[in-house]
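To be precise, the following lines are entry.txt, and they hold compact mmCIF, N, CA, C and O atoms.
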```txt
# COMPACT_ATOMS: atom_id res chain seq x y z
N MET F 227 -20.92 -37.35 -17.90
CA MET F 227 -20.47 -36.25 -18.73
C MET F 227 -20.11 -35.07 -17.84
O MET F 227 -20.85 -34.73 -16.93
N ALA F 228 -18.98 -34.45 -18.11
CA ALA F 228 -18.53 -33.31 -17.32
C ALA F 228 -19.42 -32.10 -17.58
O ALA F 228 -19.84 -31.86 -18.70
N LYS F 229 -19.69 -31.37 -16.52
CA LYS F 229 -20.51 -30.18 -16.62
C LYS F 229 -19.70 -29.05 -17.25
O LYS F 229 -18.55 -28.84 -16.93
N LYS F 230 -20.31 -28.32 -18.18
CA LYS F 230 -19.65 -27.18 -18.80
C LYS F 230 -19.50 -26.07 -17.78
O LYS F 230 -20.43 -25.81 -17.01
N PRO F 231 -18.35 -25.38 -17.77
CA PRO F 231 -18.19 -24.27 -16.83
C PRO F 231 -19.12 -23.12 -17.18
O PRO F 231 -19.43 -22.89 -18.35
N ASP F 232 -19.59 -22.43 -16.17
CA ASP F 232 -20.43 -21.25 -16.35
C ASP F 232 -19.59 -20.17 -17.01
O ASP F 232 -18.53 -19.81 -16.53
N ARG F 233 -20.05 -19.64 -18.13
CA ARG F 233 -19.28 -18.65 -18.88
C ARG F 233 -19.13 -17.34 -18.11
O ARG F 233 -18.25 -16.54 -18.40
N LYS F 234 -19.98 -17.11 -17.13
CA LYS F 234 -19.91 -15.88 -16.36
C LYS F 234 -18.99 -16.01 -15.15
O LYS F 234 -18.69 -15.03 -14.50
N GLU F 235 -18.58 -17.21 -14.84
CA GLU F 235 -17.76 -17.44 -13.65
C GLU F 235 -16.40 -18.00 -14.06
O GLU F 235 -16.31 -18.91 -14.87
N HIS F 236 -15.36 -17.44 -13.50
CA HIS F 236 -14.01 -17.90 -13.79
C HIS F 236 -13.30 -18.19 -12.48
O HIS F 236 -13.41 -17.43 -11.52
N GLU F 237 -12.58 -19.28 -12.43
CA GLU F 237 -11.73 -19.58 -11.28
C GLU F 237 -10.30 -19.39 -11.74
O GLU F 237 -9.87 -19.99 -12.72
N PHE F 238 -9.59 -18.55 -11.03
CA PHE F 238 -8.22 -18.22 -11.40
C PHE F 238 -7.23 -18.84 -10.44
O PHE F 238 -7.52 -19.04 -9.27
N MET F 239 -6.04 -19.10 -10.95
CA MET F 239 -4.93 -19.55 -10.14
C MET F 239 -3.83 -18.51 -10.27
O MET F 239 -3.65 -17.90 -11.32
N VAL F 240 -3.07 -18.33 -9.19
CA VAL F 240 -1.96 -17.38 -9.23
C VAL F 240 -0.84 -17.97 -10.06
O VAL F 240 -0.37 -19.08 -9.79
N ALA F 241 -0.42 -17.25 -11.07
CA ALA F 241 0.66 -17.71 -11.95
C ALA F 241 1.97 -17.01 -11.62
O ALA F 241 3.03 -17.50 -11.96
N GLY F 242 1.89 -15.87 -10.96
CA GLY F 242 3.12 -15.17 -10.63
C GLY F 242 2.88 -13.93 -9.80
O GLY F 242 1.80 -13.35 -9.86
N VAL F 243 3.88 -13.57 -9.00
CA VAL F 243 3.85 -12.34 -8.22
C VAL F 243 5.22 -11.69 -8.40
O VAL F 243 6.24 -12.33 -8.16
N GLU F 244 5.22 -10.45 -8.83
CA GLU F 244 6.46 -9.75 -9.12
C GLU F 244 6.38 -8.32 -8.62
O GLU F 244 5.28 -7.79 -8.45
N PRO F 245 7.52 -7.69 -8.42
CA PRO F 245 7.48 -6.25 -8.13
C PRO F 245 6.78 -5.54 -9.29
O PRO F 245 6.89 -5.97 -10.45
N ALA F 246 6.07 -4.50 -8.99
CA ALA F 246 5.37 -3.74 -10.04
C ALA F 246 6.39 -3.21 -11.04
O ALA F 246 7.52 -2.90 -10.67
N PRO F 247 5.98 -3.11 -12.30
CA PRO F 247 6.89 -2.56 -13.31
C PRO F 247 7.40 -1.17 -12.90
O PRO F 247 6.69 -0.43 -12.24
N GLU F 248 8.60 -0.86 -13.31
CA GLU F 248 9.23 0.41 -12.91
C GLU F 248 8.39 1.62 -13.29
O GLU F 248 8.48 2.65 -12.64
N THR F 249 7.60 1.52 -14.32
CA THR F 249 6.82 2.67 -14.78
C THR F 249 5.61 2.95 -13.90
O THR F 249 4.97 3.99 -14.04
N SER F 250 5.28 2.02 -13.00
CA SER F 250 4.10 2.24 -12.15
C SER F 250 4.54 2.61 -10.73
O SER F 250 5.72 2.73 -10.44
N LEU F 251 3.59 2.76 -9.86
CA LEU F 251 3.88 3.07 -8.46
C LEU F 251 4.47 1.86 -7.76
O LEU F 251 4.47 0.76 -8.29
N ASP F 252 4.97 2.09 -6.55
CA ASP F 252 5.48 0.97 -5.75
C ASP F 252 4.39 -0.06 -5.56
O ASP F 252 3.21 0.24 -5.58
N GLY F 253 4.77 -1.30 -5.33
CA GLY F 253 3.81 -2.36 -5.06
C GLY F 253 4.17 -3.61 -5.82
O GLY F 253 5.33 -3.84 -6.17
N VAL F 254 3.18 -4.44 -6.04
CA VAL F 254 3.39 -5.71 -6.73
C VAL F 254 2.37 -5.89 -7.85
O VAL F 254 1.33 -5.25 -7.87
N ALA F 255 2.71 -6.79 -8.75
CA ALA F 255 1.80 -7.18 -9.83
C ALA F 255 1.56 -8.68 -9.69
O ALA F 255 2.51 -9.46 -9.64
N VAL F 256 0.31 -9.07 -9.57
CA VAL F 256 -0.07 -10.48 -9.43
C VAL F 256 -0.71 -10.92 -10.74
O VAL F 256 -1.68 -10.30 -11.19
N THR F 257 -0.17 -11.98 -11.34
CA THR F 257 -0.73 -12.50 -12.59
C THR F 257 -1.60 -13.71 -12.26
O THR F 257 -1.15 -14.65 -11.60
N LEU F 258 -2.84 -13.68 -12.73
CA LEU F 258 -3.79 -14.76 -12.53
C LEU F 258 -4.13 -15.38 -13.88
O LEU F 258 -4.23 -14.67 -14.88
N VAL F 259 -4.33 -16.71 -13.91
CA VAL F 259 -4.67 -17.42 -15.15
C VAL F 259 -5.87 -18.32 -14.85
O VAL F 259 -5.92 -18.98 -13.82
N ASP F 260 -6.84 -18.36 -15.77
CA ASP F 260 -7.97 -19.26 -15.59
C ASP F 260 -7.78 -20.50 -16.46
O ASP F 260 -6.84 -20.60 -17.25
N ALA F 261 -8.67 -21.46 -16.30
CA ALA F 261 -8.56 -22.75 -17.00
C ALA F 261 -8.65 -22.59 -18.51
O ALA F 261 -8.16 -23.42 -19.26
N ARG F 262 -9.27 -21.51 -18.98
CA ARG F 262 -9.42 -21.27 -20.42
C ARG F 262 -8.23 -20.53 -21.01
O ARG F 262 -8.20 -20.22 -22.18
N GLY F 263 -7.25 -20.19 -20.15
CA GLY F 263 -6.08 -19.48 -20.63
C GLY F 263 -6.17 -17.97 -20.51
O GLY F 263 -5.24 -17.26 -20.88
N GLY F 264 -7.28 -17.48 -20.00
CA GLY F 264 -7.41 -16.04 -19.81
C GLY F 264 -6.47 -15.56 -18.72
O GLY F 264 -6.25 -16.25 -17.74
N ARG F 265 -5.90 -14.39 -18.91
CA ARG F 265 -4.95 -13.84 -17.94
C ARG F 265 -5.44 -12.49 -17.44
O ARG F 265 -5.98 -11.68 -18.19
N VAL F 266 -5.18 -12.25 -16.15
CA VAL F 266 -5.49 -10.97 -15.52
C VAL F 266 -4.28 -10.59 -14.70
O VAL F 266 -3.68 -11.43 -14.03
N ARG F 267 -3.91 -9.32 -14.77
CA ARG F 267 -2.79 -8.84 -13.98
C ARG F 267 -3.31 -7.78 -13.03
O ARG F 267 -3.87 -6.76 -13.46
N LEU F 268 -3.15 -8.02 -11.73
CA LEU F 268 -3.58 -7.08 -10.70
C LEU F 268 -2.38 -6.30 -10.22
O LEU F 268 -1.36 -6.89 -9.86
N HIS F 269 -2.51 -4.99 -10.19
CA HIS F 269 -1.45 -4.14 -9.65
C HIS F 269 -1.93 -3.64 -8.30
O HIS F 269 -3.01 -3.06 -8.20
N MET F 270 -1.13 -3.91 -7.26
CA MET F 270 -1.52 -3.53 -5.90
C MET F 270 -0.46 -2.64 -5.28
O MET F 270 0.74 -2.92 -5.39
N ASN F 271 -0.93 -1.60 -4.61
CA ASN F 271 0.00 -0.76 -3.87
C ASN F 271 0.46 -1.54 -2.63
O ASN F 271 -0.12 -2.59 -2.30
N PRO F 272 1.49 -1.09 -1.94
CA PRO F 272 2.00 -1.85 -0.79
C PRO F 272 0.95 -2.14 0.29
O PRO F 272 0.95 -3.21 0.87
N ASP F 273 0.06 -1.19 0.55
CA ASP F 273 -0.97 -1.41 1.58
C ASP F 273 -1.92 -2.53 1.20
O ASP F 273 -2.25 -3.38 2.03
N MET F 274 -2.37 -2.55 -0.06
CA MET F 274 -3.28 -3.62 -0.50
C MET F 274 -2.56 -4.96 -0.54
O MET F 274 -3.14 -6.00 -0.20
N ALA F 275 -1.30 -4.96 -0.95
CA ALA F 275 -0.52 -6.20 -0.98
C ALA F 275 -0.37 -6.76 0.42
O ALA F 275 -0.48 -7.97 0.63
N GLU F 276 -0.12 -5.91 1.39
CA GLU F 276 0.01 -6.36 2.79
C GLU F 276 -1.32 -6.90 3.30
O GLU F 276 -1.37 -7.93 3.98
N LEU F 277 -2.42 -6.24 2.97
CA LEU F 277 -3.74 -6.72 3.38
C LEU F 277 -4.03 -8.09 2.77
O LEU F 277 -4.51 -8.99 3.46
N LEU F 278 -3.71 -8.26 1.50
CA LEU F 278 -3.90 -9.57 0.85
C LEU F 278 -3.04 -10.63 1.53
O LEU F 278 -3.50 -11.74 1.78
N ARG F 279 -1.79 -10.29 1.84
CA ARG F 279 -0.90 -11.24 2.51
C ARG F 279 -1.49 -11.68 3.85
O ARG F 279 -1.50 -12.86 4.20
N GLU F 280 -2.01 -10.73 4.61
CA GLU F 280 -2.61 -11.05 5.91
C GLU F 280 -3.84 -11.95 5.76
O GLU F 280 -4.02 -12.89 6.53
N ARG F 281 -4.67 -11.69 4.77
CA ARG F 281 -5.88 -12.50 4.57
C ARG F 281 -5.54 -13.90 4.08
O ARG F 281 -6.18 -14.87 4.49
N VAL F 282 -4.55 -14.02 3.21
CA VAL F 282 -4.11 -15.35 2.76
C VAL F 282 -3.55 -16.12 3.94
O VAL F 282 -3.86 -17.30 4.13
N SER F 283 -2.74 -15.47 4.75
CA SER F 283 -2.16 -16.11 5.92
C SER F 283 -3.25 -16.59 6.89
O SER F 283 -3.19 -17.72 7.39
N ALA F 284 -4.24 -15.76 7.13
CA ALA F 284 -5.34 -16.14 8.03
C ALA F 284 -6.12 -17.33 7.48
O ALA F 284 -6.47 -18.25 8.21
N ALA F 285 -6.38 -17.33 6.17
CA ALA F 285 -7.11 -18.45 5.56
C ALA F 285 -6.30 -19.74 5.66
O ALA F 285 -6.85 -20.80 5.93
N LEU F 286 -4.98 -19.64 5.44
CA LEU F 286 -4.14 -20.83 5.56
C LEU F 286 -4.11 -21.36 6.98
O LEU F 286 -4.12 -22.57 7.21
N ASN F 287 -4.06 -20.46 7.94
CA ASN F 287 -4.06 -20.88 9.35
C ASN F 287 -5.34 -21.63 9.71
O ASN F 287 -5.31 -22.54 10.53
N LYS F 288 -6.46 -21.26 9.12
CA LYS F 288 -7.73 -21.94 9.38
C LYS F 288 -7.73 -23.37 8.83
O LYS F 288 -8.36 -24.25 9.38
N THR F 289 -7.03 -23.57 7.70
CA THR F 289 -7.07 -24.89 7.07
C THR F 289 -5.91 -25.79 7.48
O THR F 289 -6.05 -27.02 7.48
N THR F 290 -4.76 -25.20 7.81
CA THR F 290 -3.58 -26.03 8.12
C THR F 290 -3.02 -25.82 9.52
O THR F 290 -2.15 -26.54 9.93
N GLY F 291 -3.48 -24.79 10.20
CA GLY F 291 -2.93 -24.47 11.50
C GLY F 291 -1.74 -23.54 11.36
O GLY F 291 -1.20 -23.38 10.28
N PRO F 292 -1.34 -22.93 12.50
CA PRO F 292 -0.24 -21.95 12.44
C PRO F 292 1.09 -22.59 12.10
O PRO F 292 1.35 -23.72 12.27
```
Can you present the structure in this file as structure tokens?
Amino acid sequence: MAKKPDRKEHEFMVAGVEPAPETSLDGVAVTLVDARGGRVRLHMNPDMAELLRERVSAALNKTTGP
């Protein structure tokens, strides 16, 4: 029997990355979706978006190589 997911813990997948809406500051909006259909939209300024890009790149390099 499959274990029920912990209601306090959610694993999200990236569903989309777009330029931030015109009404907000410069940056990007990242849409995340969990297995239950819940959605979260993160708005990041350019500095945070660049930091996230660097950390994702570093993590990928550890698992797949440069």
#### Entry: DSSP-assigned alpha helix (DSSP H) members of chain F, reported as a ChimeraX atom specification
/F:272-290
### Query
Which is closest to Asp260 in chain F among F:Met239, F:Ala285, F:Lys234, F:Leu278, if we use all atoms listed in the file?
F:Met239
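Near Arg262 in chain F, within 10 Å and counting only C-alpha atoms, sit Pro231, His236, Glu237, Phe238, Val259, Asp260, Gly264 and Arg265 of chain F, not including residues fewer than 2 positions from it in the same chain.
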### Query
What is the distance, in Å and to one decimal place, between atom C of Leu258 in chain F and atom C of Glu280 in chain F?
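Separating atom C of Leu258 in chain F from atom C of Glu280 in chain F is a distance of 19.9 Å.
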#### Entry: Atomic distance atom N of Val282 in chain F - atom C of Glu248 in chain F, expressed in Å with one decimal
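So the answer is 26.2 Å.
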### Message
So that I can check the surroundings of Asn271 in chain F, please list as an MDAnalysis selection string every protein, DNA and RNA residue that reaches within 8 Å of it, counting only C-alpha atoms and ignoring chain neighbours fewer than 2 positions away.
### Response
chainID F and resid 251:254 269 273:275
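Backbone DSSP over chain F gives strand (DSSP E or B) for Phe238, Met239, Val240, Ala241, Gly242, Val243, Glu244, Pro245, Val254, Ala255, Val256, Thr257, Leu258, Val259, Asp260, Arg265, Val266, Arg267, Leu268, His269 and Met270 of chain F.
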Can you spit out the residues from that selection as a PDB file, keeping the file's coordinate frame, using N, CA, C and O atoms?
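The result, written out as out.pdb:
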```
ATOM      1  N   PHE F 238      -9.590 -18.550 -11.030  1.00  0.00           N
ATOM      2  CA  PHE F 238      -8.220 -18.220 -11.400  1.00  0.00           C
ATOM      3  C   PHE F 238      -7.230 -18.840 -10.440  1.00  0.00           C
ATOM      4  O   PHE F 238      -7.520 -19.040  -9.270  1.00  0.00           O
ATOM      5  N   MET F 239      -6.040 -19.100 -10.950  1.00  0.00           N
ATOM      6  CA  MET F 239      -4.930 -19.550 -10.140  1.00  0.00           C
ATOM      7  C   MET F 239      -3.830 -18.510 -10.270  1.00  0.00           C
ATOM      8  O   MET F 239      -3.650 -17.900 -11.320  1.00  0.00           O
ATOM      9  N   VAL F 240      -3.070 -18.330  -9.190  1.00  0.00           N
ATOM     10  CA  VAL F 240      -1.960 -17.380  -9.230  1.00  0.00           C
ATOM     11  C   VAL F 240      -0.840 -17.970 -10.060  1.00  0.00           C
ATOM     12  O   VAL F 240      -0.370 -19.080  -9.790  1.00  0.00           O
ATOM     13  N   ALA F 241      -0.420 -17.250 -11.070  1.00  0.00           N
ATOM     14  CA  ALA F 241       0.660 -17.710 -11.950  1.00  0.00           C
ATOM     15  C   ALA F 241       1.970 -17.010 -11.620  1.00  0.00           C
ATOM     16  O   ALA F 241       3.030 -17.500 -11.960  1.00  0.00           O
ATOM     17  N   GLY F 242       1.890 -15.870 -10.960  1.00  0.00           N
ATOM     18  CA  GLY F 242       3.120 -15.170 -10.630  1.00  0.00           C
ATOM     19  C   GLY F 242       2.880 -13.930  -9.800  1.00  0.00           C
ATOM     20  O   GLY F 242       1.800 -13.350  -9.860  1.00  0.00           O
ATOM     21  N   VAL F 243       3.880 -13.570  -9.000  1.00  0.00           N
ATOM     22  CA  VAL F 243       3.850 -12.340  -8.220  1.00  0.00           C
ATOM     23  C   VAL F 243       5.220 -11.690  -8.400  1.00  0.00           C
ATOM     24  O   VAL F 243       6.240 -12.330  -8.160  1.00  0.00           O
ATOM     25  N   GLU F 244       5.220 -10.450  -8.830  1.00  0.00           N
ATOM     26  CA  GLU F 244       6.460  -9.750  -9.120  1.00  0.00           C
ATOM     27  C   GLU F 244       6.380  -8.320  -8.620  1.00  0.00           C
ATOM     28  O   GLU F 244       5.280  -7.790  -8.450  1.00  0.00           O
ATOM     29  N   PRO F 245       7.520  -7.690  -8.420  1.00  0.00           N
ATOM     30  CA  PRO F 245       7.480  -6.250  -8.130  1.00  0.00           C
ATOM     31  C   PRO F 245       6.780  -5.540  -9.290  1.00  0.00           C
ATOM     32  O   PRO F 245       6.890  -5.970 -10.450  1.00  0.00           O
ATOM     33  N   VAL F 254       3.180  -4.440  -6.040  1.00  0.00           N
ATOM     34  CA  VAL F 254       3.390  -5.710  -6.730  1.00  0.00           C
ATOM     35  C   VAL F 254       2.370  -5.890  -7.850  1.00  0.00           C
ATOM     36  O   VAL F 254       1.330  -5.250  -7.870  1.00  0.00           O
ATOM     37  N   ALA F 255       2.710  -6.790  -8.750  1.00  0.00           N
ATOM     38  CA  ALA F 255       1.800  -7.180  -9.830  1.00  0.00           C
ATOM     39  C   ALA F 255       1.560  -8.680  -9.690  1.00  0.00           C
ATOM     40  O   ALA F 255       2.510  -9.460  -9.640  1.00  0.00           O
ATOM     41  N   VAL F 256       0.310  -9.070  -9.570  1.00  0.00           N
ATOM     42  CA  VAL F 256      -0.070 -10.480  -9.430  1.00  0.00           C
ATOM     43  C   VAL F 256      -0.710 -10.920 -10.740  1.00  0.00           C
ATOM     44  O   VAL F 256      -1.680 -10.300 -11.190  1.00  0.00           O
ATOM     45  N   THR F 257      -0.170 -11.980 -11.340  1.00  0.00           N
ATOM     46  CA  THR F 257      -0.730 -12.500 -12.590  1.00  0.00           C
ATOM     47  C   THR F 257      -1.600 -13.710 -12.260  1.00  0.00           C
ATOM     48  O   THR F 257      -1.150 -14.650 -11.600  1.00  0.00           O
ATOM     49  N   LEU F 258      -2.840 -13.680 -12.730  1.00  0.00           N
ATOM     50  CA  LEU F 258      -3.790 -14.760 -12.530  1.00  0.00           C
ATOM     51  C   LEU F 258      -4.130 -15.380 -13.880  1.00  0.00           C
ATOM     52  O   LEU F 258      -4.230 -14.670 -14.880  1.00  0.00           O
ATOM     53  N   VAL F 259      -4.330 -16.710 -13.910  1.00  0.00           N
ATOM     54  CA  VAL F 259      -4.670 -17.420 -15.150  1.00  0.00           C
ATOM     55  C   VAL F 259      -5.870 -18.320 -14.850  1.00  0.00           C
ATOM     56  O   VAL F 259      -5.920 -18.980 -13.820  1.00  0.00           O
ATOM     57  N   ASP F 260      -6.840 -18.360 -15.770  1.00  0.00           N
ATOM     58  CA  ASP F 260      -7.970 -19.260 -15.590  1.00  0.00           C
ATOM     59  C   ASP F 260      -7.780 -20.500 -16.460  1.00  0.00           C
ATOM     60  O   ASP F 260      -6.840 -20.600 -17.250  1.00  0.00           O
ATOM     61  N   ARG F 265      -5.900 -14.390 -18.910  1.00  0.00           N
ATOM     62  CA  ARG F 265      -4.950 -13.840 -17.940  1.00  0.00           C
ATOM     63  C   ARG F 265      -5.440 -12.490 -17.440  1.00  0.00           C
ATOM     64  O   ARG F 265      -5.980 -11.680 -18.190  1.00  0.00           O
ATOM     65  N   VAL F 266      -5.180 -12.250 -16.150  1.00  0.00           N
ATOM     66  CA  VAL F 266      -5.490 -10.970 -15.520  1.00  0.00           C
ATOM     67  C   VAL F 266      -4.280 -10.590 -14.700  1.00  0.00           C
ATOM     68  O   VAL F 266      -3.680 -11.430 -14.030  1.00  0.00           O
ATOM     69  N   ARG F 267      -3.910  -9.320 -14.770  1.00  0.00           N
ATOM     70  CA  ARG F 267      -2.790  -8.840 -13.980  1.00  0.00           C
ATOM     71  C   ARG F 267      -3.310  -7.780 -13.030  1.00  0.00           C
ATOM     72  O   ARG F 267      -3.870  -6.760 -13.460  1.00  0.00           O
ATOM     73  N   LEU F 268      -3.150  -8.020 -11.730  1.00  0.00           N
ATOM     74  CA  LEU F 268      -3.580  -7.080 -10.700  1.00  0.00           C
ATOM     75  C   LEU F 268      -2.380  -6.300 -10.220  1.00  0.00           C
ATOM     76  O   LEU F 268      -1.360  -6.890  -9.860  1.00  0.00           O
ATOM     77  N   HIS F 269      -2.510  -4.990 -10.190  1.00  0.00           N
ATOM     78  CA  HIS F 269      -1.450  -4.140  -9.650  1.00  0.00           C
ATOM     79  C   HIS F 269      -1.930  -3.640  -8.300  1.00  0.00           C
ATOM     80  O   HIS F 269      -3.010  -3.060  -8.200  1.00  0.00           O
ATOM     81  N   MET F 270      -1.130  -3.910  -7.260  1.00  0.00           N
ATOM     82  CA  MET F 270      -1.520  -3.530  -5.900  1.00  0.00           C
ATOM     83  C   MET F 270      -0.460  -2.640  -5.280  1.00  0.00           C
ATOM     84  O   MET F 270       0.740  -2.920  -5.390  1.00  0.00           O
TER      85      MET F 270
END
```
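Closest approach to Val243 in chain F from the set F:Ala284, F:Ala255, F:Ala261, F:Thr290 is made by F:Ala255, with distances taken over all atoms listed in the file.
Coordinates place atom N of Glu235 in chain F at a distance of 18.2 Å from atom N of Leu268 in chain F.
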